[in-house]
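Asker: First the structure, which I've put down as structure tokens, then a few questions once you've had a look.
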Amino acid sequence: MKYTSALFFTLGLFLHLLSFDCKAQPAGADDVFRDVSPATFSPTVYDIDSSANAVYLFDRGEVTYDATYTNRGFCMIFQRHTRLRILNVNALHLATLGLSAVRHGSYEVVIEDIRGAVYNFDDGKFEVTKLDKSGIFKDKNGNYNVDKIAFPNVRVGSIIDFSYRIIYPGYGYIPTWDFQGAYPILWSQYEVTIPSLYSFFVKTQGYRRFSVDTTLYESTSFPVGFGLMHGLWSGPVIHRVWVLQDATALEKKEPYTTTLQNHMQKVQFQLSSVRMQGYEKTYNNNWGELTKQLLTSENFGDALSDRNHWMDDELKKIAPRDGPAMENARKIYAFVRDQFTCTGRDGLAVSQPIKKTWEEKKGNVADLNILLTAIYRHQGFQASPVILSTRLHGYPMDAFPLLNDYNYVISCVHVDGKEYLLDASQNTTGFGQLPEQCYNGRAHAIDSSHAVFPLLADSVTEHRTTVVYLANDDSGHYSGSYHRTMGVFESMIERSRLKKTNPEDFFENLRKTMAGYKQMRDHGFDSLGVPEEPLGMHYDMSYRFTQKTVYFNPIMHERLNNNPLPSPERHYPVEMPYQVDNNYVLRMEIPKGYAIDQLPKSVHFVLEDGSGSYEYRIDSDDKSINFHMRLQLKRANYSVDEYKGLRDFYSLIVEKEKEQIIFKKTS
């Protein structure tokens, strides 16, 4: 099961329990960090992953604070030392490394003291090639300073060893540390030492217990001369050490995975408070404080103050104030959804003043949905922005809000006593609907109510219904109709596709998949231009049977041809975007001149815990066949322990849906 925890860097408990005055030294660390020698090359493969293209022998990061580095106060010093081995040609790209640091005027982050060496051991000869300045290239990319490193003399079997230091001005940022990556890591270690002046909230994530997870109390002194502090500061510090041994590579993304970031072993930090010489300040350690920060930000809440009378003339035409509330709410939403173009689907901050968004009719997701909220407020509705984390961004932590956990803004409007969550950034989303990417945990209203909306994948069900009729007619033809009503999310996806192509192409491609004896006639879509309604597709069909034996699969386009869970085993959960309820009904007369030779058997599969079921029911008399298939999944998320059962469940469905009705000619 997933292992997560959260901890404040505070002193009280540790002062009573710990009296150490030495640095933590994890067992075995001396062996890990010893110098490279011919013995380091002795393994030809590594037990952790015999097929790995490369392996990290160790990856060590250390964070300390320094009050003397600049005259701006404390700086955070991040140092990293990494050693890796290239095992085959597919990892030779690791001979180049890129480091980037954001610039903020005179407070830019500095990368320094880059060192490296490449070690080779061939035919009993040990060779060391050191990195020199000619292999380090400095560049700029937007607001980032970039150092590119090209290690010399790298080939299969080489060991690359490098280290560097990054200076972060200020005290409020500690880098996240990932204990896993694209390659296995034999030893991943992170050490953080923080003066008691500062408290940080720590979020750890992963499926394994750390090999070392140590907290020590130490005493130290800093010469300081800035702000409220002058002279020599002496006091306690908290020293934390995490070690994960034999960290397996983060696997490739499997079907039904939100993001691998949800499953990576890592530790994250957010500043909680500052306390020094009577001065005390807390930072967003609850939703009230974070809400206040966002509402007073010029890149978020400033746009919601009602100084928007430049909207008045156009809004009179779109939704007059004296109109019915629900009708006006829908019109305002449709106006923003249909008339504005979304230029970016990630981020909480507006990219421009909302008046510019209004005039240019385009903006990012925050621009559009904050504008929508501002319009509603201007027209007298109660409305608020709501922030959430999308499925690709990762799970947010609710107990202690980390602003970086959230990357998306929607709107909530109250109409006739009900709340409606809206996203105007996608023109295929109906009023009161949200795209599936939004169902990833709790969403939070940014207003005084601090309302929470549980947007969980398990809270929504995707319904799909297909009805097929086939019959003999008086003229001797065999014909019928097909009609599928899609679920909310499938409707959004198909409408988006159809905006980029001709709907006729959809049916032409469908026609190509049909057997030669089946012909498509009249066809079309239902409610294509009405996002609030389920999208329907239909066509009429006719058959010309001439064979002595006809093989007929009763499931036409909804067959599950392949198992959606192809891997025999899996190391992280199955995360579907919604629950499932698919219904398929077929009513058919037996084709004239034919008789049933073989009919599939009815079956009913059920998952062990009852959360999923599959029903395949078929029966017939001398004239007709009735068929009903239903797939239900009453949960969207399944644990690693449940994976095999779910995969076997799908395998049974795939095999069952291959079965066909066999007709034999009678004359």
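Identifiers in this document derive from the order of the structure tokens: chains are assigned A, B, ..., residues are numbered from 1 separately in each chain, and ligands are numbered from 1 in order of occurrence.
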Could you find all residues in range 339-578 of chain A that DSSP calls strand (DSSP E or B) from the backbone, and write them as a ChimeraX atom specification?

Answerer: /A:341-342,362-363,382-388,408-415,418-422,441-445,452-455,461-472,478-485,518-526,536-543,549-552,574-575

Asker: So that I can see what lies close to range 391-405 of chain A, please list as a ChimeraX atom specification the residues with an atom at most 10 Å from it, counting only C-alpha atoms and leaving out residues fewer than 3 positions away in the same chain.

Answerer: /A:6,201-203,257-263,268-272,284-290,294,346-348,387-388,408,436-444,452,457,575,577

Asker: Residues within 7 Å of Tyr168 in chain A, please, as a list in words. Count only C-alpha atoms; anything in the same chain fewer than 4 positions from it doesn't count.

Answerer: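 Here the qualifying residues turn out to be Cys75, Met76, Ile77, Val109 and Val110 of chain A.
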
Asker: Skip Val154 in chain A itself and residues of its chain fewer than 5 positions away, then list as a count of residues only all residues within 8 Å of it, counting only C-alpha atoms.

Answerer: 4

Asker: Quick one: residues within 9 Å of Ser667 in chain A, only C-alpha atoms counted, chain neighbours fewer than 2 positions away excluded, as a PDB file with all heavy atoms, in the first residue's frame?

Answerer:
ATOM      1  N   GLY A 593     -33.996 -18.009 -44.283  1.00  0.00           N
ATOM      2  CA  GLY A 593     -33.225 -19.016 -45.006  1.00  0.00           C
ATOM      3  C   GLY A 593     -32.089 -19.601 -44.192  1.00  0.00           C
ATOM      4  O   GLY A 593     -31.306 -20.408 -44.703  1.00  0.00           O
ATOM      5  N   TYR A 594     -31.943 -19.161 -42.890  1.00  0.00           N
ATOM      6  CA  TYR A 594     -30.871 -19.655 -42.033  1.00  0.00           C
ATOM      7  C   TYR A 594     -31.449 -20.159 -40.710  1.00  0.00           C
ATOM      8  O   TYR A 594     -32.551 -19.775 -40.302  1.00  0.00           O
ATOM      9  CB  TYR A 594     -29.845 -18.563 -41.746  1.00  0.00           C
ATOM     10  CG  TYR A 594     -28.972 -18.217 -42.927  1.00  0.00           C
ATOM     11  CD1 TYR A 594     -29.412 -17.302 -43.883  1.00  0.00           C
ATOM     12  CD2 TYR A 594     -27.722 -18.807 -43.093  1.00  0.00           C
ATOM     13  CE1 TYR A 594     -28.619 -16.978 -44.974  1.00  0.00           C
ATOM     14  CE2 TYR A 594     -26.921 -18.480 -44.178  1.00  0.00           C
ATOM     15  CZ  TYR A 594     -27.372 -17.569 -45.110  1.00  0.00           C
ATOM     16  OH  TYR A 594     -26.583 -17.254 -46.182  1.00  0.00           O
ATOM     17  N   LYS A 665     -27.184 -22.242 -43.507  1.00  0.00           N
ATOM     18  CA  LYS A 665     -28.236 -22.088 -44.514  1.00  0.00           C
ATOM     19  C   LYS A 665     -29.148 -23.313 -44.485  1.00  0.00           C
ATOM     20  O   LYS A 665     -28.688 -24.458 -44.372  1.00  0.00           O
ATOM     21  CB  LYS A 665     -27.608 -21.939 -45.890  1.00  0.00           C
ATOM     22  CG  LYS A 665     -28.410 -21.085 -46.853  1.00  0.00           C
ATOM     23  CD  LYS A 665     -27.585 -20.711 -48.066  1.00  0.00           C
ATOM     24  CE  LYS A 665     -28.335 -19.673 -48.888  1.00  0.00           C
ATOM     25  NZ  LYS A 665     -27.535 -19.238 -50.059  1.00  0.00           N
TER      26      LYS A 665
END

Asker: Please determine, counting only C-alpha atoms, which residue among A:Ile159, A:Met264, A:Ser542, A:Phe33 has the shortest atom-to-atom distance to Gly516 in chain A.

Answerer: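 Once distances to Gly516 in chain A are computed over only C-alpha atoms, the minimum belongs to A:Ser542.
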
Asker: A:Lys623, A:His414, A:Arg85, A:Arg240: which is nearest Leu186 in chain A, counting only C-alpha atoms?

Answerer: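 Closest to Leu186 in chain A of all the choices is A:Arg85.
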
Asker: Show me, as a list in words, the residues that have an atom within 8 Å of Val212 in chain A when counting only C-alpha atoms, minus same-chain residues fewer than 3 positions from it.

Answerer: Pro26, Val241, Trp242, Val243 and Leu244 of chain A

Asker: Of the residues A:Gly98, A:Pro324, A:Gly476, A:Gly157, which is the one nearest to Phe137 in chain A, using only C-alpha atoms?

Answerer: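 That would be A:Gly98, the residue with the smallest distance to Phe137 in chain A.
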
Asker: As a PyMOL selection string, list the residues of range 360-498 of chain A assigned to alpha helix (DSSP H) by DSSP on the backbone atoms of this structure.

Answerer: chain A and resi 360+365-378+488-498

Asker: Would you mind listing what lies within 8 Å of Gln382 in chain A as a list of chain:residue names, with only C-alpha atoms counted and same-chain residues fewer than 3 positions away left out?

Answerer: A:Tyr376, A:Arg377, A:Val413, A:His414, A:Val415

Asker: Of the candidates A:Asp322, A:Glu62, A:Glu533, A:Glu655, which shows the shortest atom-to-atom distance to His239 in chain A, using only C-alpha atoms?

Answerer: A:Glu62

Asker: Select, from A:Thr220, A:Asp423, A:Ile375, A:Tyr164, the residue with the minimum atom-to-atom distance to Lys316 in chain A, counting only C-alpha atoms.

Answerer: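 Closest to Lys316 in chain A, using only C-alpha atoms: A:Ile375.
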
Asker: For a quick check of understanding, using only C-alpha atoms, which of A:Val603, A:Val36, A:Leu131, A:Ala182 has the smallest distance to Gly116 in chain A?

Answerer: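 Using only C-alpha atoms, Gly116 in chain A sits closest to A:Leu131.
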
Asker: In Å, how far is it from CA of Pro554 in chain A to CA of Asn509 in chain A?

Answerer: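 Computing the Euclidean distance for CA of Pro554 in chain A and CA of Asn509 in chain A yields 20.2 Å.
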
Asker: Rounded to one decimal place, report the CA of Ile185 in chain A-CA of Arg570 in chain A distance in Å.

Answerer: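 Computing the Euclidean distance for CA of Ile185 in chain A and CA of Arg570 in chain A yields 19.5 Å.
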